[in-house]
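Novice: This is the content of final_1.cif (mmCIF, C-alpha atoms):
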data_target
#
loop_
_atom_site.label_atom_id
_atom_site.label_comp_id
_atom_site.auth_asym_id
_atom_site.auth_seq_id
_atom_site.Cartn_x
_atom_site.Cartn_y
_atom_site.Cartn_z
CA MET G 1 147.85 112.39 92.49
CA SER G 2 149.08 109.72 90.08
CA LEU G 3 150.87 106.69 91.44
CA SER G 4 154.59 107.26 91.79
CA ARG G 5 157.18 104.94 90.29
CA MET G 6 158.09 103.84 93.82
CA ALA G 7 154.45 102.99 94.62
CA LEU G 8 154.05 100.97 91.44
CA LYS G 9 157.10 98.85 92.35
CA PHE G 10 155.83 98.20 95.88
CA ASP G 11 155.40 94.52 96.76
CA LEU G 12 152.62 94.10 99.33
CA LYS G 13 153.47 90.42 99.87
CA VAL G 14 156.96 91.38 101.02
CA ALA G 15 155.45 93.90 103.43
CA PHE G 16 153.13 91.29 104.91
CA GLU G 17 155.98 88.80 105.37
CA HIS G 18 157.96 91.45 107.24
CA LEU G 19 155.02 92.36 109.48
CA ARG G 20 154.35 88.68 110.25
CA LYS G 21 157.60 88.67 112.23
CA ASP G 22 155.53 90.37 114.93
CA ALA G 23 153.44 87.47 116.25
CA LYS G 24 150.54 89.67 117.35
CA LEU G 25 150.45 91.71 114.17
CA ALA G 26 150.66 88.44 112.19
CA VAL G 27 147.14 87.69 113.42
CA LEU G 28 145.88 90.85 111.71
CA VAL G 29 147.85 90.10 108.56
CA ASP G 30 146.25 86.65 108.29
CA LYS G 31 142.78 88.02 109.00
CA HIS G 32 142.77 91.20 106.91
CA HIS G 33 145.46 90.89 104.20
CA GLU G 34 142.89 90.48 101.42
CA GLU G 35 141.18 93.72 102.46
CA ILE G 36 144.31 95.85 102.20
CA GLN G 37 144.77 97.75 98.95
CA TRP G 38 148.20 99.21 98.26
CA PRO G 39 149.12 101.36 96.50
CA ARG G 40 145.89 103.32 96.71
CA GLU G 41 144.93 105.58 93.82
CA SER G 42 143.19 108.64 95.23
CA THR G 43 140.16 110.03 93.43
CA TYR G 44 141.12 113.53 94.59
CA THR G 45 143.88 115.92 93.60
CA PRO G 46 146.34 116.72 96.43
CA PHE G 47 144.79 120.16 96.94
CA HIS G 48 141.26 118.72 96.96
CA ALA G 49 142.28 116.12 99.55
CA LEU G 50 143.79 118.76 101.84
CA VAL G 51 140.74 121.04 101.63
CA ARG G 52 138.51 118.13 102.59
CA ALA G 53 140.81 117.37 105.51
CA VAL G 54 140.61 120.96 106.78
CA ILE G 55 136.82 121.04 106.45
CA GLY G 56 136.54 117.82 108.45
CA GLN G 57 138.61 118.98 111.41
CA MET G 58 136.67 118.82 114.69
CA LEU G 59 133.41 117.84 112.96
CA SER G 60 131.34 114.69 112.68
CA VAL G 61 131.54 112.86 109.35
CA GLN G 62 127.96 113.95 108.54
CA ALA G 63 128.63 117.64 109.18
CA ALA G 64 131.89 117.57 107.18
CA ARG G 65 130.16 115.91 104.24
CA THR G 66 127.37 118.51 104.26
CA ILE G 67 129.79 121.43 104.25
CA THR G 68 132.00 119.85 101.58
CA GLU G 69 129.00 119.38 99.29
CA ARG G 70 128.13 123.06 99.68
CA VAL G 71 131.69 124.10 98.82
CA LEU G 72 131.67 121.86 95.74
CA LYS G 73 128.57 123.67 94.49
CA ILE G 74 130.47 126.95 94.28
CA ALA G 75 133.82 125.38 93.32
CA PRO G 76 133.05 122.11 91.49
CA ASN G 77 136.68 121.40 90.57
CA LEU G 78 138.05 122.47 93.96
CA THR G 79 141.26 123.86 92.49
CA PRO G 80 143.59 126.35 94.21
CA GLU G 81 142.58 129.00 91.65
CA ALA G 82 138.86 128.45 92.33
CA ILE G 83 139.18 128.68 96.11
CA HIS G 84 141.53 131.66 95.84
CA ALA G 85 138.92 133.55 93.79
CA ILE G 86 135.98 132.89 96.13
CA GLU G 87 135.08 135.58 98.67
CA ASP G 88 135.54 134.61 102.31
CA GLU G 89 131.88 135.26 103.04
CA GLU G 90 130.81 132.73 100.41
CA LEU G 91 132.82 130.04 102.16
CA ARG G 92 131.36 131.11 105.51
CA LYS G 93 127.88 130.64 104.05
CA CYS G 94 128.85 127.05 103.20
CA GLY G 95 129.41 126.44 106.90
CA LEU G 96 133.17 126.91 107.27
CA SER G 97 134.38 128.66 110.39
CA GLY G 98 136.46 131.80 110.12
CA THR G 99 139.50 129.75 111.08
CA LYS G 100 138.88 127.18 108.35
CA VAL G 101 138.22 129.85 105.74
CA LYS G 102 141.60 131.34 106.62
CA SER G 103 143.17 127.88 106.37
CA VAL G 104 141.81 126.90 102.93
CA LYS G 105 142.43 130.38 101.54
CA ASN G 106 146.01 130.28 102.81
CA LEU G 107 146.44 126.84 101.26
CA ALA G 108 145.09 128.09 97.93
CA ALA G 109 147.24 131.23 97.96
CA ARG G 110 150.41 129.23 98.66
CA ALA G 111 149.57 126.75 95.89
CA VAL G 112 148.75 129.48 93.36
CA GLY G 113 151.88 131.43 94.32
CA GLY G 114 154.15 128.41 94.02
CA LEU G 115 155.07 128.26 97.69
CA LEU G 116 153.40 124.84 97.89
CA ASP G 117 154.41 122.74 94.89
CA PHE G 118 152.75 119.33 94.92
CA GLU G 119 154.98 118.03 92.13
CA GLN G 120 158.08 118.83 94.18
CA LEU G 121 156.57 117.00 97.15
CA GLU G 122 156.65 113.78 95.09
CA THR G 123 160.42 113.54 95.52
CA ALA G 124 160.61 115.06 99.02
CA SER G 125 161.20 112.96 102.13
CA ASP G 126 158.32 112.25 104.51
CA GLU G 127 159.62 114.81 106.99
CA GLU G 128 160.00 117.42 104.24
CA VAL G 129 156.41 116.84 103.16
CA ILE G 130 155.19 117.22 106.73
CA LYS G 131 157.21 120.44 107.12
CA ALA G 132 155.83 121.86 103.86
CA LEU G 133 152.21 121.06 104.71
CA THR G 134 152.30 122.18 108.35
CA ALA G 135 153.68 125.54 107.19
CA ASN G 136 150.12 126.19 106.01
CA PHE G 137 147.80 127.72 108.56
CA GLY G 138 145.39 125.16 110.02
CA ILE G 139 147.17 122.00 108.86
CA GLY G 140 148.64 119.93 111.67
CA LYS G 141 150.99 116.98 111.71
CA TRP G 142 148.15 114.41 111.76
CA THR G 143 146.63 115.79 108.56
CA ALA G 144 150.05 115.77 106.91
CA GLN G 145 150.64 112.15 107.95
CA MET G 146 147.27 111.03 106.58
CA PHE G 147 148.10 112.85 103.34
CA LEU G 148 151.37 110.92 103.13
CA ILE G 149 149.56 107.60 103.53
CA PHE G 150 146.44 108.07 101.47
CA SER G 151 147.42 110.62 98.80
CA MET G 152 151.12 109.92 98.37
CA ASN G 153 151.25 106.18 99.10
CA ARG G 154 154.24 106.55 101.40
CA PRO G 155 154.69 103.05 102.93
CA ASP G 156 156.41 103.89 106.21
CA VAL G 157 154.21 106.37 108.06
CA TYR G 158 152.70 105.90 111.52
CA SER G 159 150.74 108.57 113.37
CA PRO G 160 150.93 108.24 117.18
CA GLY G 161 148.43 111.09 117.40
CA ASP G 162 145.69 109.02 115.75
CA ALA G 163 143.04 107.94 118.26
CA GLY G 164 142.06 104.86 116.25
CA LEU G 165 145.62 103.58 116.03
CA ARG G 166 146.16 104.08 119.75
CA ARG G 167 143.01 102.14 120.55
CA ALA G 168 143.80 99.33 118.11
CA PHE G 169 147.33 99.00 119.47
CA LYS G 170 146.09 98.76 123.04
CA THR G 171 143.48 96.17 122.05
CA LEU G 172 146.09 94.04 120.27
CA TYR G 173 148.95 94.32 122.75
CA GLY G 174 147.10 95.03 125.99
CA LYS G 175 149.16 98.16 126.63
CA ASP G 176 149.75 101.65 125.32
CA GLU G 177 151.91 102.24 122.24
CA ILE G 178 155.49 101.04 122.57
CA GLU G 179 157.92 102.78 120.25
CA MET G 180 160.20 99.75 119.96
CA ILE G 181 157.36 97.61 118.59
CA ILE G 182 156.25 100.28 116.13
CA GLU G 183 159.83 100.81 114.95
CA SER G 184 160.12 97.09 114.21
CA TRP G 185 157.38 97.45 111.57
CA ALA G 186 159.58 99.77 109.47
CA PRO G 187 159.75 100.22 106.53
CA TYR G 188 156.06 99.23 106.31
CA ARG G 189 154.40 101.20 109.09
CA SER G 190 151.70 102.55 106.75
CA ILE G 191 150.64 98.97 106.00
CA ALA G 192 150.66 98.17 109.72
CA SER G 193 148.46 101.22 110.27
CA LEU G 194 145.95 99.99 107.68
CA LEU G 195 145.82 96.61 109.44
CA LEU G 196 145.23 98.26 112.83
CA TRP G 197 142.47 100.48 111.46
CA ARG G 198 140.92 97.49 109.72
CA SER G 199 140.93 95.57 113.00
CA LEU G 200 138.51 98.21 114.29
CA ASN G 201 136.58 98.19 111.00
CA ASN G 202 137.35 101.89 111.11
CA GLU G 203 139.77 102.83 108.34
CA PRO G 204 140.02 106.56 107.53
CA VAL G 205 138.36 107.53 104.26
CA GLU G 206 139.94 109.60 101.49
CA LYS G 207 139.56 112.87 103.32
CA LYS G 208 141.91 111.41 105.96
CA GLU G 209 140.09 112.23 109.14
CA SER G 210 141.09 110.34 112.23
CA THR G 211 137.98 108.54 113.36
CA SER G 212 136.97 106.78 116.50
CA GLU G 213 133.84 104.84 117.22
CA THR G 214 131.91 105.14 120.44
CA GLU G 215 129.29 102.58 121.33
CA THR G 216 126.27 103.68 123.35
CA LYS G 217 123.62 101.41 124.77
CA GLY G 218 119.89 102.01 124.89
CA LYS G 219 117.45 99.74 126.68
CA GLY G 220 115.95 97.27 124.22
CA LYS G 221 117.67 98.94 121.26
CA GLY G 222 121.04 97.23 121.22
CA LYS G 223 124.08 99.24 120.29
CA ARG G 224 124.55 102.22 118.04
CA LYS G 225 127.89 103.34 116.67
CA GLU G 226 128.72 106.99 116.19
CA LYS G 227 131.73 108.14 114.22
CA THR G 228 133.48 111.29 115.38
CA VAL G 229 136.44 113.17 114.03
CA VAL G 230 139.51 114.30 115.94
CA GLU G 231 142.18 116.64 114.54
CA GLU G 232 145.11 117.67 116.69
CA SER G 233 145.65 121.03 115.01
CA GLU G 234 146.76 123.82 117.32
CA SER G 235 144.95 126.38 115.17
CA GLU G 236 141.64 124.57 115.57
CA LYS G 237 141.23 124.95 119.32
CA GLU G 238 138.19 127.14 118.79
CA GLU G 239 135.52 126.35 116.20
CA GLU G 240 133.19 128.96 114.72
CA THR G 241 131.18 126.93 112.25
CA LYS G 242 127.74 128.22 111.35
CA ILE G 243 126.15 124.79 111.02
CA THR G 244 124.84 123.10 114.13
CA ILE G 245 124.45 119.33 114.25
CA LYS G 246 122.39 117.84 117.05
CA GLU G 247 122.64 114.16 117.84
CA THR G 248 120.70 112.58 120.67
CA VAL G 249 122.18 109.44 122.15
CA LYS G 250 121.18 107.33 125.13
CA THR G 251 123.65 106.48 127.83
CA GLU G 252 123.28 104.64 131.11
CA LYS G 253 124.24 105.98 134.47
CA GLY G 254 123.39 103.26 136.91
CA LYS G 255 119.81 102.40 135.99
CA LYS G 256 118.86 105.86 134.92
CA LYS G 257 118.73 106.81 131.22
CA VAL G 258 120.22 110.16 130.35
CA LYS G 259 119.69 111.94 127.04
CA VAL G 260 122.71 113.83 125.78
CA GLU G 261 122.66 116.42 122.99
CA VAL G 262 125.97 117.07 121.25
CA GLU G 263 126.21 120.38 119.42
CA VAL G 264 128.91 121.51 117.08
CA SER G 265 128.55 125.24 117.24
CA GLU G 266 130.54 128.42 117.58
CA LYS G 267 131.17 128.25 121.31
CA SER G 268 131.09 124.50 121.97
CA THR G 269 134.22 123.16 120.31
CA ARG G 270 136.25 122.73 123.47
CA LYS G 271 133.39 120.84 125.13
CA THR G 272 132.76 118.69 122.06
CA ARG G 273 136.44 117.80 121.78
CA ALA G 274 136.45 116.69 125.40
CA THR G 275 133.31 114.59 125.19
CA LYS G 276 133.87 112.88 121.83
CA LYS G 277 136.73 110.46 122.36
#
Go through the file and emit its structure as structure tokens.

Specialist:
Amino acid sequence: MSLSRMALKFDLKVAFEHLRKDAKLAVLVDKHHEEIQWPRESTYTPFHALVRAVIGQMLSVQAARTITERVLKIAPNLTPEAIHAIEDEELRKCGLSGTKVKSVKNLAARAVGGLLDFEQLETASDEEVIKALTANFGIGKWTAQMFLIFSMNRPDVYSPGDAGLRRAFKTLYGKDEIEMIIESWAPYRSIASLLLWRSLNNEPVEKKESTSETETKGKGKGKRKEKTVVEESESEKEEETKITIKETVKTEKGKKKVKVEVEVSEKSTRKTRATKK
């Protein structure tokens, strides 16, 4: 998606000055302002970005990348027309669950049929964009909000459903999210979000997954960070993906080491969602 006229006129210095009015957030502005890029020019088309977001729901970054690469082999341009023409079984062979196949096919059909017009979304309000995207099967509010920030460069979006933002807020303020504080960041809540993610060194990538980092300790091996993906989509309560990713981590329970295997498989989504926080 090309940069909009509004995005090109955006003054990041003005945004930072506004956010510095919050004494605690000012610390992040001073520390990370040189790392913040805005507006951001996406390397993906809007449709491409949304397909990647759907693929990544409920999966680790590694698993999502593997499946996306397989899809790109059969649809290199990842256009609505290409996805619409592919048989469901071909997408299943790439590793997509039945639910996700239904989601990307629905997205493609709506785009091809004109029910989802990305050019019209350029001039729509944030709430109208969210409404248009969540009308598609398998796309929840979080995905729509990440699309607004990273694909559309909308400057005033904050996602209370994002695990990383919740954790960063609590680290900075010592308490759970307070709506009054977040409202005071308007009209630059997207920039505040980037600062909070950057404070965790955990900014979402172009495919817009919400990521959290969990540190596990192993005796004599220091710390290892594992990125996981969380998507609050009601239609993704049950995963059916063909690919199984096994990751062995070491935890400590008292003095005893316990090996834990995390599987992303057809019948383990609910368990995985509960254990990966």

Novice: When distances are computed from only C-alpha atoms, which of G:Asp156, G:Leu194, G:Ser125, G:Phe47 shows the smallest separation from Val29 in chain G?

Specialist: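 Closest candidate: G:Leu194.
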
Novice: For the file shown, what are the residues hit by the PyMOL selection byres ((chain G and resi 91) around 10), laid out as a PyMOL selection string?

Specialist: chain G and resi 67+70-71+74+83+86-90+92-98+100-102+104-105

Novice: Go through the shown structure with the PyMOL selection byres ((chain G and resi 11-13) around 10) and write out the matching residues as an mmCIF file with C-alpha atoms, in the frame of the given file.

Specialist:
data_model
loop_
_atom_site.group_PDB
_atom_site.id
_atom_site.type_symbol
_atom_site.label_atom_id
_atom_site.label_comp_id
_atom_site.auth_asym_id
_atom_site.auth_seq_id
_atom_site.Cartn_x
_atom_site.Cartn_y
_atom_site.Cartn_z
ATOM 1 C CA ALA G 7 154.450 102.990 94.620
ATOM 2 C CA LEU G 8 154.050 100.970 91.440
ATOM 3 C CA LYS G 9 157.100 98.850 92.350
ATOM 4 C CA PHE G 10 155.830 98.200 95.880
ATOM 5 C CA VAL G 14 156.960 91.380 101.020
ATOM 6 C CA ALA G 15 155.450 93.900 103.430
ATOM 7 C CA PHE G 16 153.130 91.290 104.910
ATOM 8 C CA GLU G 17 155.980 88.800 105.370
ATOM 9 C CA HIS G 18 157.960 91.450 107.240
ATOM 10 C CA LEU G 19 155.020 92.360 109.480
ATOM 11 C CA HIS G 33 145.460 90.890 104.200
ATOM 12 C CA ILE G 36 144.310 95.850 102.200
ATOM 13 C CA GLN G 37 144.770 97.750 98.950
ATOM 14 C CA TRP G 38 148.200 99.210 98.260
ATOM 15 C CA PRO G 39 149.120 101.360 96.500
ATOM 16 C CA PRO G 155 154.690 103.050 102.930
ATOM 17 C CA TYR G 188 156.060 99.230 106.310
ATOM 18 C CA ILE G 191 150.640 98.970 106.000
#

Novice: Counting all atoms listed in the file, what is within 8 Å of Asp176 in chain G, bar same-chain residues fewer than 6 positions away, as a list in words?

Specialist: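 So, after excluding close chain neighbours, the residues are Arg166, Phe169 and Lys170 of chain G.
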
Novice: Under the rule of at most 12 Å, produce a per-residue listing of range 148-171 of chain G near range 48-62 of chain G: chain, number, name, the closest pair of atoms, and the distance in Å, as JSON lines, using all atoms listed in the file.

Specialist:
{"residue": "G:Leu148", "atom": "CA", "partner": "G:Leu50", "partner_atom": "CA", "distance": 11.0}
{"residue": "G:Ile149", "atom": "CA", "partner": "G:Ala49", "partner_atom": "CA", "distance": 11.9}
{"residue": "G:Phe150", "atom": "CA", "partner": "G:Ala49", "partner_atom": "CA", "distance": 9.3}
{"residue": "G:Ser151", "atom": "CA", "partner": "G:Ala49", "partner_atom": "CA", "distance": 7.6}
{"residue": "G:Met152", "atom": "CA", "partner": "G:Ala49", "partner_atom": "CA", "distance": 10.9}

Novice: Report, in Å with one decimal, the straight-line distance from CA of Leu116 in chain G to CA of Pro46 in chain G.

Specialist: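 Going from CA of Leu116 in chain G over to CA of Pro46 in chain G, I get 10.9 Å.
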
Novice: Show me, as an NGL selection string, the residues that have an atom within 12 Å of Tyr173 in chain G when counting all atoms listed in the file, minus same-chain residues fewer than 5 positions from it.

Specialist: :G and (22-25 or 27-28 or 165-168 or 178 or 181-182 or 196)

Novice: List as a VMD selection string the protein and nucleic acid residues near Gly113 in chain G, meaning an atom at most 12 Å away when only C-alpha atoms are counted, but skip any in the same chain fewer than 6 places from it.

Specialist: chain G and resid 80 to 81 84 105 to 107

Novice: Just checking: using only C-alpha atoms, which residue out of G:Tyr158, G:Glu35, G:Ala132, G:Thr123 ends up closest to Ser184 in chain G?

Specialist: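 Of G:Tyr158, G:Glu35, G:Ala132, G:Thr123, the one nearest Ser184 in chain G, counting only C-alpha atoms, is G:Tyr158.
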
Novice: Separation of CA of Arg20 in chain G and CA of Asp162 in chain G, in Å?

Specialist: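 Distance reported for this atom pair: 22.8 Å.
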
Novice: Which value, in Å to one decimal, gives the distance between CA of Ala64 in chain G and CA of Trp142 in chain G?

Specialist: 17.2 Å
